[in-house]
Each structure stands twice: as C-alpha cells, then as structure tokens.
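Text of coords_4.cif, listed as mmCIF, C-alpha atoms:
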data_my_file
#
loop_
_atom_site.label_atom_id
_atom_site.label_comp_id
_atom_site.auth_asym_id
_atom_site.auth_seq_id
_atom_site.Cartn_x
_atom_site.Cartn_y
_atom_site.Cartn_z
CA MET A 288 42.17 -9.05 2.04
CA LEU A 289 38.87 -7.75 3.38
CA GLY A 290 35.82 -9.26 1.70
CA CYS A 291 35.27 -12.65 0.07
CA GLY A 292 32.51 -12.03 -2.47
CA PHE A 293 32.35 -12.99 -6.15
CA TRP A 294 35.33 -10.92 -7.36
CA SER A 295 37.69 -11.84 -4.51
CA GLN A 296 38.65 -15.19 -6.05
CA TYR A 297 39.90 -13.41 -9.17
CA GLN A 298 41.62 -10.72 -7.16
CA ILE A 299 43.47 -13.39 -5.15
CA ALA A 300 44.45 -15.27 -8.31
CA ALA A 301 45.71 -12.04 -9.90
CA TRP A 302 47.85 -11.19 -6.85
CA ARG A 303 49.37 -14.67 -7.08
CA GLU A 304 50.62 -13.84 -10.59
CA LEU A 305 53.00 -11.25 -9.09
CA ASP A 306 56.37 -12.10 -7.53
CA GLY A 307 56.88 -11.37 -3.86
CA VAL A 308 53.22 -11.13 -2.86
CA GLU A 309 51.95 -13.31 -0.02
CA LEU A 310 48.34 -13.20 1.10
CA VAL A 311 48.49 -13.70 4.85
CA ALA A 312 44.85 -13.38 5.93
CA LEU A 313 41.25 -13.09 4.77
CA TYR A 314 38.37 -11.29 6.45
CA ASN A 315 34.67 -11.79 5.80
CA ARG A 316 31.74 -11.06 8.07
CA THR A 317 30.49 -14.57 7.23
CA ARG A 318 33.48 -16.56 8.36
CA GLY A 319 32.55 -19.65 6.35
CA LYS A 320 33.03 -17.85 3.02
CA ALA A 321 36.53 -16.81 4.06
CA GLU A 322 37.35 -20.34 5.17
CA VAL A 323 36.37 -21.76 1.78
CA LEU A 324 38.62 -19.30 -0.06
CA ALA A 325 41.46 -19.75 2.40
CA GLU A 326 41.44 -23.51 1.91
CA ARG A 327 41.25 -23.17 -1.87
CA PHE A 328 44.20 -20.76 -2.10
CA GLY A 329 46.25 -21.89 0.90
CA ILE A 330 45.87 -18.66 2.88
CA PRO A 331 46.90 -19.29 6.50
CA ALA A 332 44.57 -17.06 8.54
CA VAL A 333 40.84 -16.31 8.54
CA TYR A 334 38.95 -13.63 10.48
CA ASP A 335 35.41 -12.41 10.92
CA ASP A 336 36.75 -9.33 12.76
CA ALA A 337 38.69 -6.87 10.58
CA GLU A 338 40.10 -5.01 13.59
CA ALA A 339 41.60 -8.23 14.92
CA LEU A 340 43.14 -9.04 11.53
CA LEU A 341 44.89 -5.68 11.34
CA ALA A 342 46.09 -5.81 14.95
CA ARG A 343 47.44 -9.36 14.82
CA GLU A 344 48.69 -9.74 11.25
CA ARG A 345 50.07 -6.21 10.75
CA PRO A 346 49.91 -6.51 6.92
CA ASP A 347 51.93 -4.36 4.53
CA PHE A 348 48.66 -3.29 2.91
CA VAL A 349 45.00 -4.29 2.73
CA ASP A 350 42.87 -4.93 -0.34
CA ILE A 351 39.21 -4.04 0.36
CA ILE A 352 36.67 -5.96 -1.74
CA THR A 353 33.47 -5.32 0.18
CA SER A 354 30.25 -3.52 -0.80
CA PRO A 355 30.69 0.23 -1.51
CA ASP A 356 28.65 1.28 1.52
CA THR A 357 31.27 -0.35 3.80
CA HIS A 358 34.38 1.01 2.05
CA ALA A 359 34.68 4.11 4.25
CA GLU A 360 34.50 2.04 7.44
CA PHE A 361 37.29 -0.31 6.39
CA VAL A 362 39.46 2.41 4.87
CA GLY A 363 39.21 4.34 8.14
CA LEU A 364 40.05 1.22 10.11
CA ALA A 365 43.17 0.50 8.04
CA ALA A 366 44.28 4.14 8.15
CA GLY A 367 43.93 4.06 11.94
CA HIS A 368 46.41 1.18 11.99
CA GLY A 369 48.77 2.97 9.60
CA VAL A 370 48.19 0.36 6.88
CA PRO A 371 48.18 1.40 3.19
CA VAL A 372 44.86 0.76 1.44
CA ILE A 373 43.68 -0.54 -1.91
CA CYS A 374 39.91 -0.14 -2.31
CA GLN A 375 37.62 -1.53 -4.99
CA LYS A 376 35.51 0.77 -7.17
CA PRO A 377 33.22 2.60 -6.85
CA MET A 378 35.13 4.27 -4.04
CA ALA A 379 31.99 5.28 -2.14
CA PRO A 380 28.20 5.63 -2.57
CA ASP A 381 28.43 9.45 -2.59
CA LEU A 382 31.06 12.09 -3.27
CA ALA A 383 31.23 13.50 0.27
CA THR A 384 32.14 10.06 1.63
CA ALA A 385 34.77 9.55 -1.07
CA GLU A 386 36.36 12.90 -0.24
CA ALA A 387 36.34 12.03 3.46
CA MET A 388 38.11 8.72 2.74
CA VAL A 389 40.88 10.48 0.83
CA HIS A 390 41.19 13.06 3.63
CA THR A 391 41.36 10.33 6.30
CA CYS A 392 44.25 8.58 4.56
CA ARG A 393 46.04 11.84 3.84
CA GLU A 394 45.84 12.87 7.49
CA ALA A 395 47.02 9.43 8.62
CA GLY A 396 49.94 9.53 6.19
CA VAL A 397 48.99 6.24 4.54
CA ALA A 398 48.86 5.51 0.82
CA PHE A 399 45.37 5.14 -0.63
CA PHE A 400 44.68 3.54 -4.02
CA VAL A 401 41.52 2.58 -5.89
CA HIS A 402 41.47 -0.68 -7.81
CA GLU A 403 40.22 0.74 -11.11
CA ASN A 404 41.20 -1.94 -13.60
CA TRP A 405 39.11 -1.05 -16.70
CA ARG A 406 41.76 1.29 -18.10
CA TRP A 407 44.25 -1.60 -17.73
CA GLN A 408 42.49 -3.78 -20.30
CA HIS A 409 45.07 -4.74 -22.92
CA PRO A 410 43.14 -3.41 -25.96
CA ILE A 411 42.42 -0.12 -24.17
CA ARG A 412 46.13 0.28 -23.34
CA GLN A 413 46.91 -0.30 -27.03
CA LEU A 414 44.37 2.36 -27.97
CA LYS A 415 46.06 4.80 -25.60
CA HIS A 416 49.45 3.94 -27.07
CA ALA A 417 48.17 4.65 -30.58
CA LEU A 418 46.90 8.06 -29.44
CA ASP A 419 50.11 8.97 -27.64
CA HIS A 420 52.68 7.55 -30.04
CA GLY A 421 51.00 7.37 -33.43
CA ASP A 422 50.81 10.05 -36.11
CA LEU A 423 47.14 10.86 -35.57
CA GLY A 424 47.60 14.32 -34.07
CA ARG A 425 45.41 16.03 -31.51
CA PRO A 426 42.09 14.32 -30.65
CA PHE A 427 38.96 16.43 -31.02
CA ARG A 428 36.08 13.94 -30.58
CA ALA A 429 35.65 10.53 -28.98
CA ARG A 430 32.94 7.98 -28.40
CA LEU A 431 33.04 5.13 -25.86
CA THR A 432 30.31 2.51 -26.04
CA TYR A 433 29.37 -0.22 -23.59
CA ALA A 434 26.04 -1.58 -24.86
CA THR A 435 24.85 -5.09 -24.07
CA SER A 436 21.82 -7.18 -23.26
CA PHE A 437 23.78 -9.37 -20.86
CA PRO A 438 21.30 -10.50 -18.16
CA VAL A 439 23.14 -8.83 -15.31
CA PHE A 440 20.04 -8.76 -13.08
CA ASP A 441 19.62 -12.53 -13.40
CA SER A 442 23.16 -13.28 -12.25
CA GLN A 443 23.23 -10.51 -9.62
CA PRO A 444 19.61 -9.92 -8.51
CA PHE A 445 20.59 -7.44 -5.78
CA LEU A 446 21.37 -4.94 -8.55
CA ARG A 447 17.62 -4.60 -9.14
CA GLU A 448 17.33 -2.82 -5.80
CA LEU A 449 20.00 -0.17 -6.37
CA ALA A 450 18.55 3.32 -6.68
CA GLN A 451 21.71 4.34 -8.58
CA PHE A 452 22.90 1.58 -10.85
CA ILE A 453 24.65 1.89 -14.19
CA LEU A 454 26.53 5.15 -13.60
CA THR A 455 28.04 3.91 -10.34
CA ASP A 456 28.60 0.37 -11.66
CA ILE A 457 29.93 0.35 -15.23
CA GLY A 458 29.85 4.15 -15.38
CA SER A 459 32.72 4.53 -12.93
CA HIS A 460 34.77 2.29 -15.27
CA VAL A 461 33.81 3.96 -18.54
CA LEU A 462 34.11 7.52 -17.26
CA ASP A 463 37.51 6.75 -15.74
CA THR A 464 38.61 5.32 -19.09
CA ALA A 465 37.37 8.49 -20.81
CA ARG A 466 39.55 10.53 -18.44
CA PHE A 467 42.50 8.24 -19.14
CA LEU A 468 42.13 8.59 -22.91
CA CYS A 469 40.97 12.19 -23.32
CA GLY A 470 41.71 14.19 -20.17
CA GLU A 471 39.65 15.87 -17.46
CA ALA A 472 36.08 16.96 -18.09
CA GLN A 473 35.09 20.59 -17.57
CA ARG A 474 31.39 20.22 -18.39
CA VAL A 475 29.03 17.25 -18.27
CA TYR A 476 25.55 16.60 -19.64
CA CYS A 477 23.74 13.32 -18.95
CA ARG A 478 20.51 11.55 -19.78
CA THR A 479 19.44 8.28 -18.15
CA ALA A 480 16.68 5.75 -18.73
CA GLN A 481 15.12 2.81 -16.92
CA VAL A 482 14.30 0.19 -19.54
CA THR A 483 14.26 -3.16 -17.74
CA PRO A 484 10.98 -3.66 -15.81
CA GLY A 485 11.11 -4.08 -12.05
CA ILE A 486 14.38 -2.30 -11.27
CA ARG A 487 14.88 0.78 -9.06
CA GLY A 488 17.79 2.47 -10.81
CA GLU A 489 18.86 3.43 -14.32
CA ASP A 490 20.14 0.74 -16.70
CA VAL A 491 20.93 3.15 -19.56
CA ALA A 492 23.02 6.34 -19.43
CA THR A 493 24.41 8.69 -22.05
CA VAL A 494 27.06 11.17 -20.91
CA MET A 495 28.55 13.98 -23.01
CA MET A 496 31.68 15.69 -21.74
CA GLU A 497 33.90 18.56 -22.82
CA THR A 498 37.49 18.13 -21.67
CA ALA A 499 40.07 20.75 -20.79
CA GLU A 500 41.95 19.71 -23.92
CA GLY A 501 38.94 20.56 -26.09
CA VAL A 502 37.80 16.99 -26.77
CA THR A 503 34.08 16.27 -26.94
CA VAL A 504 33.50 12.80 -25.46
CA LEU A 505 30.32 10.77 -25.66
CA CYS A 506 30.01 7.81 -23.27
CA GLU A 507 27.17 5.36 -23.93
CA MET A 508 26.33 2.73 -21.31
CA SER A 509 23.49 0.22 -21.39
CA TYR A 510 22.40 -3.16 -20.08
CA ALA A 511 19.22 -2.97 -22.18
CA SER A 512 20.64 -2.89 -25.72
CA ARG A 513 20.14 -5.72 -28.17
CA VAL A 514 22.78 -4.95 -30.76
CA GLU A 515 24.47 -6.92 -33.51
CA HIS A 516 27.93 -6.88 -31.98
CA ASP A 517 27.09 -7.64 -28.36
CA ARG A 518 30.37 -8.96 -27.01
CA PHE A 519 29.97 -8.51 -23.27
CA PRO A 520 31.99 -7.12 -21.54
CA GLU A 521 33.93 -5.36 -24.32
CA THR A 522 34.09 -1.57 -24.55
CA TYR A 523 34.21 -0.05 -28.03
CA ALA A 524 35.79 3.30 -28.81
CA LEU A 525 36.30 5.71 -31.68
CA VAL A 526 38.67 8.67 -31.31
CA GLU A 527 38.84 11.24 -34.11
CA CYS A 528 42.04 13.25 -34.41
CA GLU A 529 43.58 15.95 -36.61
CA HIS A 530 45.22 13.49 -38.99
CA GLY A 531 42.99 10.43 -38.71
CA CYS A 532 41.12 8.25 -36.27
CA VAL A 533 41.61 5.14 -34.19
CA GLU A 534 38.85 2.66 -33.44
CA LEU A 535 38.60 -0.15 -30.89
CA ALA A 536 36.12 -2.47 -32.57
CA PRO A 537 34.51 -5.83 -31.66
CA ASP A 538 36.82 -8.75 -30.96
CA PHE A 539 39.63 -6.46 -29.73
CA ARG A 540 40.40 -5.13 -33.22
CA LEU A 541 42.23 -1.81 -33.30
CA ARG A 542 42.04 0.13 -36.57
CA ALA A 543 44.00 3.32 -37.21
CA THR A 544 43.09 5.35 -40.30
CA THR A 545 45.14 8.18 -41.83
CA ARG A 546 45.55 9.54 -45.37
CA ASP A 547 47.82 6.54 -45.99
CA GLY A 548 44.97 4.10 -45.38
CA THR A 549 43.76 1.88 -42.56
CA HIS A 550 46.00 -0.39 -40.51
CA ALA A 551 44.31 -3.01 -38.34
CA ARG A 552 45.54 -5.40 -35.70
CA ARG A 553 43.85 -7.59 -33.12
CA HIS A 554 44.86 -7.15 -29.46
CA PRO A 555 43.26 -9.94 -27.42
CA PRO A 556 43.77 -10.00 -23.66
CA PRO A 557 46.19 -12.41 -21.99
CA ARG A 558 44.67 -15.79 -21.11
CA TYR A 559 44.94 -16.93 -17.48
CA PRO A 560 43.76 -20.41 -16.47
CA TRP A 561 41.87 -19.02 -13.45
CA ALA A 562 39.89 -16.46 -15.47
CA ASP A 563 36.37 -17.04 -16.74
CA PRO A 564 36.73 -16.99 -20.57
CA GLN A 565 33.58 -14.85 -20.81
CA TYR A 566 35.26 -12.20 -18.61
CA ASP A 567 38.82 -12.56 -19.97
CA VAL A 568 39.30 -8.94 -21.02
CA VAL A 569 38.19 -7.70 -17.58
CA GLN A 570 39.76 -10.31 -15.32
CA ALA A 571 43.10 -10.26 -17.15
CA SER A 572 43.27 -6.50 -16.53
CA ILE A 573 43.40 -7.11 -12.77
CA VAL A 574 47.00 -8.33 -13.07
CA PRO A 575 48.59 -5.15 -14.55
CA CYS A 576 46.42 -2.98 -12.31
CA ASN A 577 47.68 -4.85 -9.24
CA ALA A 578 51.25 -4.67 -10.57
CA ASN A 579 50.99 -0.88 -10.92
CA LEU A 580 49.68 -0.49 -7.37
CA LEU A 581 52.29 -2.89 -5.98
CA GLY A 582 55.05 -0.91 -7.67
CA ALA A 583 53.80 2.25 -5.99
CA LEU A 584 53.67 0.52 -2.60
CA ARG A 585 57.28 -0.61 -3.12
CA GLY A 586 58.39 2.86 -4.18
CA ASP A 587 59.17 1.78 -7.74
CA GLY A 588 56.99 4.42 -9.41
CA PRO A 589 53.68 6.26 -9.22
CA ALA A 590 50.28 4.59 -9.22
CA GLU A 591 47.77 5.69 -11.84
CA THR A 592 44.64 5.20 -9.77
CA THR A 593 45.32 6.87 -6.44
CA GLY A 594 42.43 7.94 -4.23
CA GLU A 595 43.13 11.55 -5.19
CA ASP A 596 42.96 10.71 -8.89
CA ASN A 597 39.81 8.61 -8.54
CA LEU A 598 38.02 11.53 -6.89
CA ASN A 599 37.90 13.05 -10.37
CA THR A 600 36.09 9.95 -11.61
CA MET A 601 33.69 10.11 -8.67
CA ARG A 602 33.03 13.78 -9.44
CA LEU A 603 32.15 12.80 -12.99
CA VAL A 604 29.77 10.07 -11.81
CA PHE A 605 27.84 12.32 -9.44
CA ALA A 606 27.92 15.29 -11.81
CA ALA A 607 26.26 12.99 -14.34
CA TYR A 608 23.54 12.14 -11.83
CA GLU A 609 23.03 15.82 -11.09
CA SER A 610 22.74 16.61 -14.78
CA ALA A 611 20.31 13.75 -15.36
CA SER A 612 18.15 15.01 -12.52
CA SER A 613 18.23 18.70 -13.41
CA GLY A 614 18.52 18.56 -17.18
CA ALA A 615 21.38 21.06 -16.96
CA VAL A 616 25.02 21.05 -18.01
CA VAL A 617 27.07 20.54 -14.85
CA THR A 618 30.63 21.39 -13.87
CA PRO A 619 32.07 18.29 -12.16
CA ASN A 620 33.41 19.89 -8.99
CA ALA A 621 33.10 18.93 -5.35
CA SER A 622 30.77 21.73 -4.28
CA ARG A 623 28.04 20.86 -6.79
CA ALA A 624 28.36 17.12 -7.37
CA GLY A 625 28.65 16.38 -3.67
CA ARG A 626 25.12 17.51 -2.85
#

Take the structure in this file and express it as structure tokens.
Amino acid sequence: MLGCGFWSQYQIAAWRELDGVELVALYNRTRGKAEVLAERFGIPAVYDDAEALLARERPDFVDIITSPDTHAEFVGLAAGHGVPVICQKPMAPDLATAEAMVHTCREAGVAFFVHENWRWQHPIRQLKHALDHGDLGRPFRARLTYATSFPVFDSQPFLRELAQFILTDIGSHVLDTARFLCGEAQRVYCRTAQVTPGIRGEDVATVMMETAEGVTVLCEMSYASRVEHDRFPETYALVECEHGCVELAPDFRLRATTRDGTHARRHPPPRYPWADPQYDVVQASIVPCNANLLGALRGDGPAETTGEDNLNTMRLVFAAYESASSGAVVTPNASRAGR
C-alpha cells in the first residue's frame, strides 16, 4: 500500500476482511507514519521509497492512497514494474492526466482500477436492485442529494486551500453514483457557489444531466446546507419511473411506490468494529468495493470501477466545471472537458 494518511487505516482494515489477502508492505514519504500503521496491523515491511518497495517486494498489486496530485507518478511507477494498480478517487487533478494514466497502464499491459466505493454503499445497491428488478418500469427523472453542514473544513483544514473542492471531492462520488443508477450523461449543466467564508473553492454545486437513456438527473452537493435531515454522510435519492418511484430517504429507508401503494424497508450498512460509527455507511462500502476489485485481479469476474470506466466520471466532473465557468450546457467528452 502506498500512502498512510487518514483513510489508509480503514482501507487496511477492509482488506483484512477478505480471505487470501496479505498486506506485505507500506510506503509513506514520512516513514514514521508508515511505521505506526505497520505496528498496529502487523505489516512486516515499511518503506519511504516506493521504487524500492516495488523492486524488493514484487507485490501482486498496489493500492495507492496518496494525494490526487501524486496519483499519476505512482501509477506510472507501478506500471513500469508490471504491477496492477488500484488508485483512490479522484483519479487525477485534471482530465488530461487521468487519460494519460489509463493510457500508461494500457500500454504496459497492467490492470488499472479506481477505488470508487460510494456506489458500493449497501442502501445504494438496494436502490439499484429495486430499479433493475422491481416493477417500476423505465426511469425518466432522478434526484441525488448530498446536503450537510458537517464542518469538513474544521476536521480537514487543507480543504480550504483547494481551488476546486466539492465537485472533485464528493462530486466524483455522487456523479459516479448517478452514472451507476441512470446511465451515461450526454449533456451537463452546472452551477456552483462559495458559501463558507475563507475558502478558495466551491462548497456547493448543482449538476443537471441528460443521460443517453433519456433520464434527467439532478445532483445536489453541499457542505453549507443546514437542513432538517442532516445525516452526514448519507446520500438521498428519488428516482421516478413509468410505473412508480423509489426513494432512498434518511436513515437508510428505501420506499418504493406504485399503484398498489408504498412499500418501505430499512437497509442499514453492515457494522464493522474498526469503522467509525459516524462514517459506517461509507467505510462499510470499502469491503465490497475491495472484494469486487480483488475478484477482477484473480480473474473471477469484471471490476465495475476500472480506470477506463472512471474516465467517464472524470469527464463529468470537469464538464461540470466547464459549464459552471461558461454558463453553457456542455457535452462531457475528452476534447472539451480536458481543457
């Protein structure tokens, strides 16, 4: 594993939930942070040189959990050693770099995956199941909402300095989930706002998309919203279909409504002893995401969030920025959004 920041402890714990996985080495540029984690989890080797780790340990794959501006460097390094790569989201700080990372791995013949776990949240998977296997019919409109006043800048003050914040941070999750639920976007329109004083980037974004399947999708994201049902970090959703609708409501409650009435059921996430209860729905989703990627590495089936697939999410993110800047409706393709 490359990188030993805040999320690495949960990533390590999630890998340990899966049979046959052994973490053989940790890298961090500050060696002391890696040593603390290695002692805590019983990981045998520690490095402050990623090249040395790859050369000496020859791992079956690497999991990169470093800052986005370093992802390309470490992906290129692993590809040069012929080592399959799992990379945290967002894949890269700009679309051109993300495309280059995918190209590098393709040319090297190594598998490249993005650890995009939001779509693996248990209640979101149940929502998808209701859409695919219920009697709701074809979706025509959807709304995804992530609105909270959680003091994210207090717990992670470096976020105040990001020129591009909410669309790259939570936006990459929410827009990927929109793709997962409703299909690929053909047109994108976005408005952003900076509400919290003293920050560089946007902390509110509203994205409207039209998918190839004819679904109009509204994605609302905010760290500046004081709302009645603020249950950070839950995502709410409402999908309207030909024969009814399905809603993911607060407290993981899924309600499906047809002419026969409304049927409701609660779908809480699994509880792991290593997870922070406040982050349960997010941290529990790391386990099935890792399991899906591990299965692909073992040849047991396809991964959902390959580098190629996640390029479509990155195109959405940067198309949204382009639309917010220009005020225009944007087609999320590489030639425009990569500028």

- prompt: What lies within 8 Å of range 356-358 of chain A using all atoms listed in the file, ignoring chain neighbours under 2 positions off, as a ChimeraX atom specification?
  reply: /A:351,353-354,360-362,374,378-380

- prompt: Got a sec to resolve the PyMOL selection byres ((chain A and resi 568-582) around 10) on this structure and send the residues as an MDAnalysis selection string?
  reply: chainID A and resid 294 297:308 348 373 399:411 519:522 539 555:559 561:567 583:593

Once you have the residues from the selection above, write them out as a JSON list (two decimals), keeping the file's coordinate frame, restricted to C-alpha atoms.
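Dumped everything to again-v7.json:
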[["chain", "number", "residue", "atom", "x", "y", "z"],
["A", 294, "TRP", "CA", 35.33, -10.92, -7.36],
["A", 297, "TYR", "CA", 39.90, -13.41, -9.17],
["A", 298, "GLN", "CA", 41.62, -10.72, -7.16],
["A", 299, "ILE", "CA", 43.47, -13.39, -5.15],
["A", 300, "ALA", "CA", 44.45, -15.27, -8.31],
["A", 301, "ALA", "CA", 45.71, -12.04, -9.90],
["A", 302, "TRP", "CA", 47.85, -11.19, -6.85],
["A", 303, "ARG", "CA", 49.37, -14.67, -7.08],
["A", 304, "GLU", "CA", 50.62, -13.84, -10.59],
["A", 305, "LEU", "CA", 53.00, -11.25, -9.09],
["A", 306, "ASP", "CA", 56.37, -12.10, -7.53],
["A", 307, "GLY", "CA", 56.88, -11.37, -3.86],
["A", 308, "VAL", "CA", 53.22, -11.13, -2.86],
["A", 348, "PHE", "CA", 48.66, -3.29, 2.91],
["A", 373, "ILE", "CA", 43.68, -0.54, -1.91],
["A", 399, "PHE", "CA", 45.37, 5.14, -0.63],
["A", 400, "PHE", "CA", 44.68, 3.54, -4.02],
["A", 401, "VAL", "CA", 41.52, 2.58, -5.89],
["A", 402, "HIS", "CA", 41.47, -0.68, -7.81],
["A", 403, "GLU", "CA", 40.22, 0.74, -11.11],
["A", 404, "ASN", "CA", 41.20, -1.94, -13.60],
["A", 405, "TRP", "CA", 39.11, -1.05, -16.70],
["A", 406, "ARG", "CA", 41.76, 1.29, -18.10],
["A", 407, "TRP", "CA", 44.25, -1.60, -17.73],
["A", 408, "GLN", "CA", 42.49, -3.78, -20.30],
["A", 409, "HIS", "CA", 45.07, -4.74, -22.92],
["A", 410, "PRO", "CA", 43.14, -3.41, -25.96],
["A", 411, "ILE", "CA", 42.42, -0.12, -24.17],
["A", 519, "PHE", "CA", 29.97, -8.51, -23.27],
["A", 520, "PRO", "CA", 31.99, -7.12, -21.54],
["A", 521, "GLU", "CA", 33.93, -5.36, -24.32],
["A", 522, "THR", "CA", 34.09, -1.57, -24.55],
["A", 539, "PHE", "CA", 39.63, -6.46, -29.73],
["A", 555, "PRO", "CA", 43.26, -9.94, -27.42],
["A", 556, "PRO", "CA", 43.77, -10.00, -23.66],
["A", 557, "PRO", "CA", 46.19, -12.41, -21.99],
["A", 558, "ARG", "CA", 44.67, -15.79, -21.11],
["A", 559, "TYR", "CA", 44.94, -16.93, -17.48],
["A", 561, "TRP", "CA", 41.87, -19.02, -13.45],
["A", 562, "ALA", "CA", 39.89, -16.46, -15.47],
["A", 563, "ASP", "CA", 36.37, -17.04, -16.74],
["A", 564, "PRO", "CA", 36.73, -16.99, -20.57],
["A", 565, "GLN", "CA", 33.58, -14.85, -20.81],
["A", 566, "TYR", "CA", 35.26, -12.20, -18.61],
["A", 567, "ASP", "CA", 38.82, -12.56, -19.97],
["A", 583, "ALA", "CA", 53.80, 2.25, -5.99],
["A", 584, "LEU", "CA", 53.67, 0.52, -2.60],
["A", 585, "ARG", "CA", 57.28, -0.61, -3.12],
["A", 586, "GLY", "CA", 58.39, 2.86, -4.18],
["A", 587, "ASP", "CA", 59.17, 1.78, -7.74],
["A", 588, "GLY", "CA", 56.99, 4.42, -9.41],
["A", 589, "PRO", "CA", 53.68, 6.26, -9.22],
["A", 590, "ALA", "CA", 50.28, 4.59, -9.22],
["A", 591, "GLU", "CA", 47.77, 5.69, -11.84],
["A", 592, "THR", "CA", 44.64, 5.20, -9.77],
["A", 593, "THR", "CA", 45.32, 6.87, -6.44]]

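Nearest residue to Glu527 in chain A among A:His550, A:Arg447, A:Arg478, A:Arg542 is A:Arg542, counting all atoms listed in the file.
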
- line: Counting only C-alpha atoms, closest pick from A:Glu394, A:Glu309, A:Glu609, A:Asp596 relative to Phe467 in chain A is A:Asp596

Counting all atoms listed in the file, find the residues whose atoms lie at most 12 Å from (41.8, -3.9, -33.9) (file coordinates) and write them out as a compact mmCIF listing (two decimals) with C-alpha atoms, in the coordinates of the input.
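selection17.txt written:
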# COMPACT_ATOMS: atom_id res chain seq x y z
CA HIS A 409 45.07 -4.74 -22.92
CA PRO A 410 43.14 -3.41 -25.96
CA ILE A 411 42.42 -0.12 -24.17
CA GLN A 413 46.91 -0.30 -27.03
CA LEU A 414 44.37 2.36 -27.97
CA ALA A 417 48.17 4.65 -30.58
CA TYR A 523 34.21 -0.05 -28.03
CA ALA A 524 35.79 3.30 -28.81
CA LEU A 525 36.30 5.71 -31.68
CA VAL A 533 41.61 5.14 -34.19
CA GLU A 534 38.85 2.66 -33.44
CA LEU A 535 38.60 -0.15 -30.89
CA ALA A 536 36.12 -2.47 -32.57
CA PRO A 537 34.51 -5.83 -31.66
CA ASP A 538 36.82 -8.75 -30.96
CA PHE A 539 39.63 -6.46 -29.73
CA ARG A 540 40.40 -5.13 -33.22
CA LEU A 541 42.23 -1.81 -33.30
CA ARG A 542 42.04 0.13 -36.57
CA ALA A 543 44.00 3.32 -37.21
CA THR A 544 43.09 5.35 -40.30
CA THR A 549 43.76 1.88 -42.56
CA HIS A 550 46.00 -0.39 -40.51
CA ALA A 551 44.31 -3.01 -38.34
CA ARG A 552 45.54 -5.40 -35.70
CA ARG A 553 43.85 -7.59 -33.12
CA HIS A 554 44.86 -7.15 -29.46
CA PRO A 555 43.26 -9.94 -27.42

message: So that I can check the surroundings of Thr317 in chain A, please list as a list in words every protein, DNA and RNA residue that reaches within 10 Å of it, counting all atoms listed in the file and ignoring chain neighbours fewer than 4 positions away.
response: Gly290, Cys291, Ala321, Glu322, Tyr334, Asp335 and Asp336 of chain A

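Distance-wise, CA of Gly369 in chain A and CA of Ser295 in chain A end up 23.3 Å apart.
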
- request: Can you turn the PyMOL selection byres ((chain A and resi 419-430) around 7) into a concrete residue list for this file, as a ChimeraX atom specification?
  value: /A:415-418,431-432,501-506,524-532

query: Hey, what's within 10 Å of Ala385 in chain A if we count only C-alpha atoms and toss same-chain stuff fewer than 2 positions away? As number ranges by chain, please?
result: A: 358-359, 377-383, 387-391, 594-595, 597-598, 601-602, 625

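Computed from the coordinates, the CA of Asp463 in chain A to CA of Lys376 in chain A distance equals 10.6 Å.
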